[in-house]
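J.: Please find one structure pasted underneath; my questions will follow.
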Amino acid sequence: GGSSFSAGGPGKGMYSRLYRQILNRYGWAESAEAFAAFYTEVGLFGLSGSTTPNRANDMIRVFAEHLLKLAKEQVTDEELDRAKNMLRGNVLTQLESRFVLFEDIGRQVLTYGRREHAQETCNKIDAVSKSDIQEVARRAIANSKPSCAVVGGELAKEKIISHDDISKFFL
């Protein structure tokens, strides 16, 4: 399943919605993963994936459908529990690395003005509800136009639908 078999070991992410509903369903999807970056007053959430150039538009369409589904339907209890467990595990495992720990402390001080201890982070993860996720997805879709980046040479760029057409998925 694409990048689900990454540094986290075999099976990492195998029960995520992206794995079950994209990587397992579409043989042309080579990878599919979510990412997030946050700063003091702004943030970025996105989906990243890889496929062959002739399937790039299919990948864009499927990603759009899944983002819309997240805004329209709440995640299941099982999905929420798995996501929380995975995120807590990732946070705690990453903090075992001194380099990551120091980078995290610096980011927290710059973003929040103080260091947040791991237990505080875990408590915030535990407090996230299904409606919180749905509301964030709704606001993200309603308040911004999607961005799309494509890597893969001229053949890939020629086959990609226009930004205006991508934006129409979210109307």
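Chain lettering (A, B, ...) mirrors the order of the structure tokens, residue numbering begins at 1 for each chain separately, and ligand numbering begins at 1 in order of display.
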Write out as a PyMOL selection string the residues lying within 9 Å of Ile160 (chain A), counting only C-alpha atoms and excluding same-chain residues fewer than 5 positions away.

T.: chain A and resi 53-54+56-57+60+150

J.: May I have the residues within 12 Å of Gly43 (chain A) as an mmCIF file with N, CA, C and O atoms, in the first residue's frame, using only C-alpha atoms and disregarding those fewer than 6 positions away in the same chain?

T.:
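Generated file (result-v7.cif):
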data_model
loop_
_atom_site.group_PDB
_atom_site.id
_atom_site.type_symbol
_atom_site.label_atom_id
_atom_site.label_comp_id
_atom_site.auth_asym_id
_atom_site.auth_seq_id
_atom_site.Cartn_x
_atom_site.Cartn_y
_atom_site.Cartn_z
ATOM 1 N N PHE A 35 -1.151 15.357 5.259
ATOM 2 C CA PHE A 35 -0.095 16.104 5.933
ATOM 3 C C PHE A 35 -0.683 17.389 6.487
ATOM 4 O O PHE A 35 -1.745 17.842 6.048
ATOM 5 N N ALA A 36 -0.008 17.944 7.456
ATOM 6 C CA ALA A 36 -0.455 19.201 8.057
ATOM 7 C C ALA A 36 0.759 19.999 8.512
ATOM 8 O O ALA A 36 1.776 19.427 8.908
ATOM 9 N N ALA A 37 0.631 21.292 8.435
ATOM 10 C CA ALA A 37 1.638 22.215 8.962
ATOM 11 C C ALA A 37 0.869 23.351 9.621
ATOM 12 O O ALA A 37 -0.149 23.807 9.093
ATOM 13 N N THR A 111 5.754 29.244 18.209
ATOM 14 C CA THR A 111 4.318 29.265 17.920
ATOM 15 C C THR A 111 3.488 29.666 19.126
ATOM 16 O O THR A 111 2.595 30.501 19.021
ATOM 17 N N VAL A 136 -13.661 21.445 11.058
ATOM 18 C CA VAL A 136 -12.406 21.919 10.464
ATOM 19 C C VAL A 136 -12.413 21.661 8.956
ATOM 20 O O VAL A 136 -12.025 22.524 8.165
ATOM 21 N N ALA A 140 -12.255 24.562 6.115
ATOM 22 C CA ALA A 140 -11.133 24.552 5.170
ATOM 23 C C ALA A 140 -11.634 24.578 3.734
ATOM 24 O O ALA A 140 -11.078 25.279 2.884
ATOM 25 N N SER A 144 -11.360 28.569 1.428
ATOM 26 C CA SER A 144 -10.150 28.682 0.622
ATOM 27 C C SER A 144 -10.278 27.874 -0.657
ATOM 28 O O SER A 144 -11.024 26.905 -0.722
#

J.: Using CA of Glu158 (chain A) and CA of Ile22 (chain A) as the two end points, give the distance in Å to one decimal.

T.: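 Spanning CA of Glu158 (chain A) to CA of Ile22 (chain A) is a straight-line distance of 24.0 Å.
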
J.: Give the answer as one residue: which of A:Asp126, A:Glu30, A:Asp58, A:Glu116 has the shortest atom-to-atom distance to Arg82 (chain A), using only C-alpha atoms?

T.: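 When distances to Arg82 (chain A) are compared using only C-alpha atoms, the smallest one comes from A:Asp126.
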
J.: Find the residue from A:Thr52, A:Asn123, A:Ser129, A:Thr76 that sits nearest to Lys159 (chain A); use only C-alpha atoms when measuring.

T.: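 Counting only C-alpha atoms, the residue closest to Lys159 (chain A) is A:Thr52.
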
J.: Please run DSSP on the backbone and report, as number ranges by chain, all residues within chain A that come out as alpha helix (DSSP H).

T.: A: 17-18, 56-72, 77-94, 98-112, 118-127, 130-142, 153-159, 163-168

J.: Can you list every residue in chain A that DSSP puts in strand (DSSP E or B), as a PDB file with N, CA and C atoms, in the first residue's frame?

T.:
ATOM      1  N   SER A  31       0.621   5.880  -3.716  1.00  0.00           N
ATOM      2  CA  SER A  31       0.712   6.370  -2.337  1.00  0.00           C
ATOM      3  C   SER A  31      -0.398   7.377  -2.113  1.00  0.00           C
ATOM      4  N   ALA A  32      -0.795   7.507  -0.861  1.00  0.00           N
ATOM      5  CA  ALA A  32      -1.805   8.487  -0.463  1.00  0.00           C
ATOM      6  C   ALA A  32      -1.616   8.754   1.023  1.00  0.00           C
ATOM      7  N   GLU A  33      -1.361   9.993   1.362  1.00  0.00           N
ATOM      8  CA  GLU A  33      -1.184  10.324   2.767  1.00  0.00           C
ATOM      9  C   GLU A  33      -1.596  11.763   3.023  1.00  0.00           C
ATOM     10  N   ALA A  34      -2.002  12.010   4.248  1.00  0.00           N
ATOM     11  CA  ALA A  34      -2.386  13.357   4.667  1.00  0.00           C
ATOM     12  C   ALA A  34      -1.170  14.025   5.315  1.00  0.00           C
ATOM     13  N   PHE A  35      -1.151  15.357   5.259  1.00  0.00           N
ATOM     14  CA  PHE A  35      -0.095  16.104   5.933  1.00  0.00           C
ATOM     15  C   PHE A  35      -0.683  17.389   6.487  1.00  0.00           C
ATOM     16  N   ALA A  36      -0.008  17.944   7.456  1.00  0.00           N
ATOM     17  CA  ALA A  36      -0.455  19.201   8.057  1.00  0.00           C
ATOM     18  C   ALA A  36       0.759  19.999   8.512  1.00  0.00           C
ATOM     19  N   ALA A  37       0.631  21.292   8.435  1.00  0.00           N
ATOM     20  CA  ALA A  37       1.638  22.215   8.962  1.00  0.00           C
ATOM     21  C   ALA A  37       0.869  23.351   9.621  1.00  0.00           C
ATOM     22  N   PHE A  38       1.340  23.786  10.762  1.00  0.00           N
ATOM     23  CA  PHE A  38       0.628  24.870  11.428  1.00  0.00           C
ATOM     24  C   PHE A  38       1.615  25.889  11.972  1.00  0.00           C
ATOM     25  N   GLY A  43      -2.455  27.776   8.821  1.00  0.00           N
ATOM     26  CA  GLY A  43      -2.105  26.372   8.757  1.00  0.00           C
ATOM     27  C   GLY A  43      -2.330  25.838   7.362  1.00  0.00           C
ATOM     28  N   LEU A  44      -1.866  24.642   7.146  1.00  0.00           N
ATOM     29  CA  LEU A  44      -2.006  23.992   5.855  1.00  0.00           C
ATOM     30  C   LEU A  44      -2.343  22.534   6.111  1.00  0.00           C
ATOM     31  N   PHE A  45      -3.369  22.064   5.445  1.00  0.00           N
ATOM     32  CA  PHE A  45      -3.734  20.652   5.479  1.00  0.00           C
ATOM     33  C   PHE A  45      -3.809  20.183   4.045  1.00  0.00           C
ATOM     34  N   GLY A  46      -3.340  18.989   3.786  1.00  0.00           N
ATOM     35  CA  GLY A  46      -3.413  18.516   2.422  1.00  0.00           C
ATOM     36  C   GLY A  46      -3.292  17.021   2.309  1.00  0.00           C
ATOM     37  N   LEU A  47      -3.473  16.571   1.090  1.00  0.00           N
ATOM     38  CA  LEU A  47      -3.291  15.172   0.739  1.00  0.00           C
ATOM     39  C   LEU A  47      -2.210  15.101  -0.310  1.00  0.00           C
ATOM     40  N   SER A  48      -1.380  14.108  -0.194  1.00  0.00           N
ATOM     41  CA  SER A  48      -0.290  13.907  -1.131  1.00  0.00           C
ATOM     42  C   SER A  48      -0.390  12.490  -1.658  1.00  0.00           C
ATOM     43  N   GLY A  49      -0.151  12.339  -2.946  1.00  0.00           N
ATOM     44  CA  GLY A  49      -0.223  11.007  -3.507  1.00  0.00           C
ATOM     45  C   GLY A  49       0.622  10.878  -4.747  1.00  0.00           C
ATOM     46  N   SER A  50       0.789   9.649  -5.191  1.00  0.00           N
ATOM     47  CA  SER A  50       1.523   9.427  -6.437  1.00  0.00           C
ATOM     48  C   SER A  50       0.808   8.372  -7.259  1.00  0.00           C
TER      49      SER A  50
END

J.: Calculated over only C-alpha atoms, which of the candidates A:Tyr39, A:Ile105, A:Ala118, A:Phe63 has the smallest distance to Cys148 (chain A)?

T.: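 So, comparing all the options, the nearest one is A:Phe63.
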
J.: Please report the interatomic distance between CA of Asp77 (chain A) and CA of Met59 (chain A) in Å with one decimal.

T.: 26.7 Å

J.: Could you please determine the separation between CA of Gly106 (chain A) and CA of Val91 (chain A) in Å, to one decimal place?

T.: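 According to the coordinates, CA of Gly106 (chain A) and CA of Val91 (chain A) are separated by 15.4 Å.
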
J.: Write out as a PyMOL selection string which residues come within 10 Å of Ser131 (chain A) when counting only C-alpha atoms, dropping same-chain ones fewer than 5 positions away.

T.: chain A and resi 71+73-75+136-137

J.: Counting only C-alpha atoms, which residue out of A:Asp165, A:Ser147, A:Leu171, A:Ser16 sits closest to Arg61 (chain A)?

T.: A:Asp165

J.: For Arg55 (chain A), which residue among A:Phe169, A:Leu67, A:Tyr26, A:Leu87 is the nearest when counting only C-alpha atoms?

T.: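 Of the candidates, the smallest distance to Arg55 (chain A) is held by A:Tyr26.
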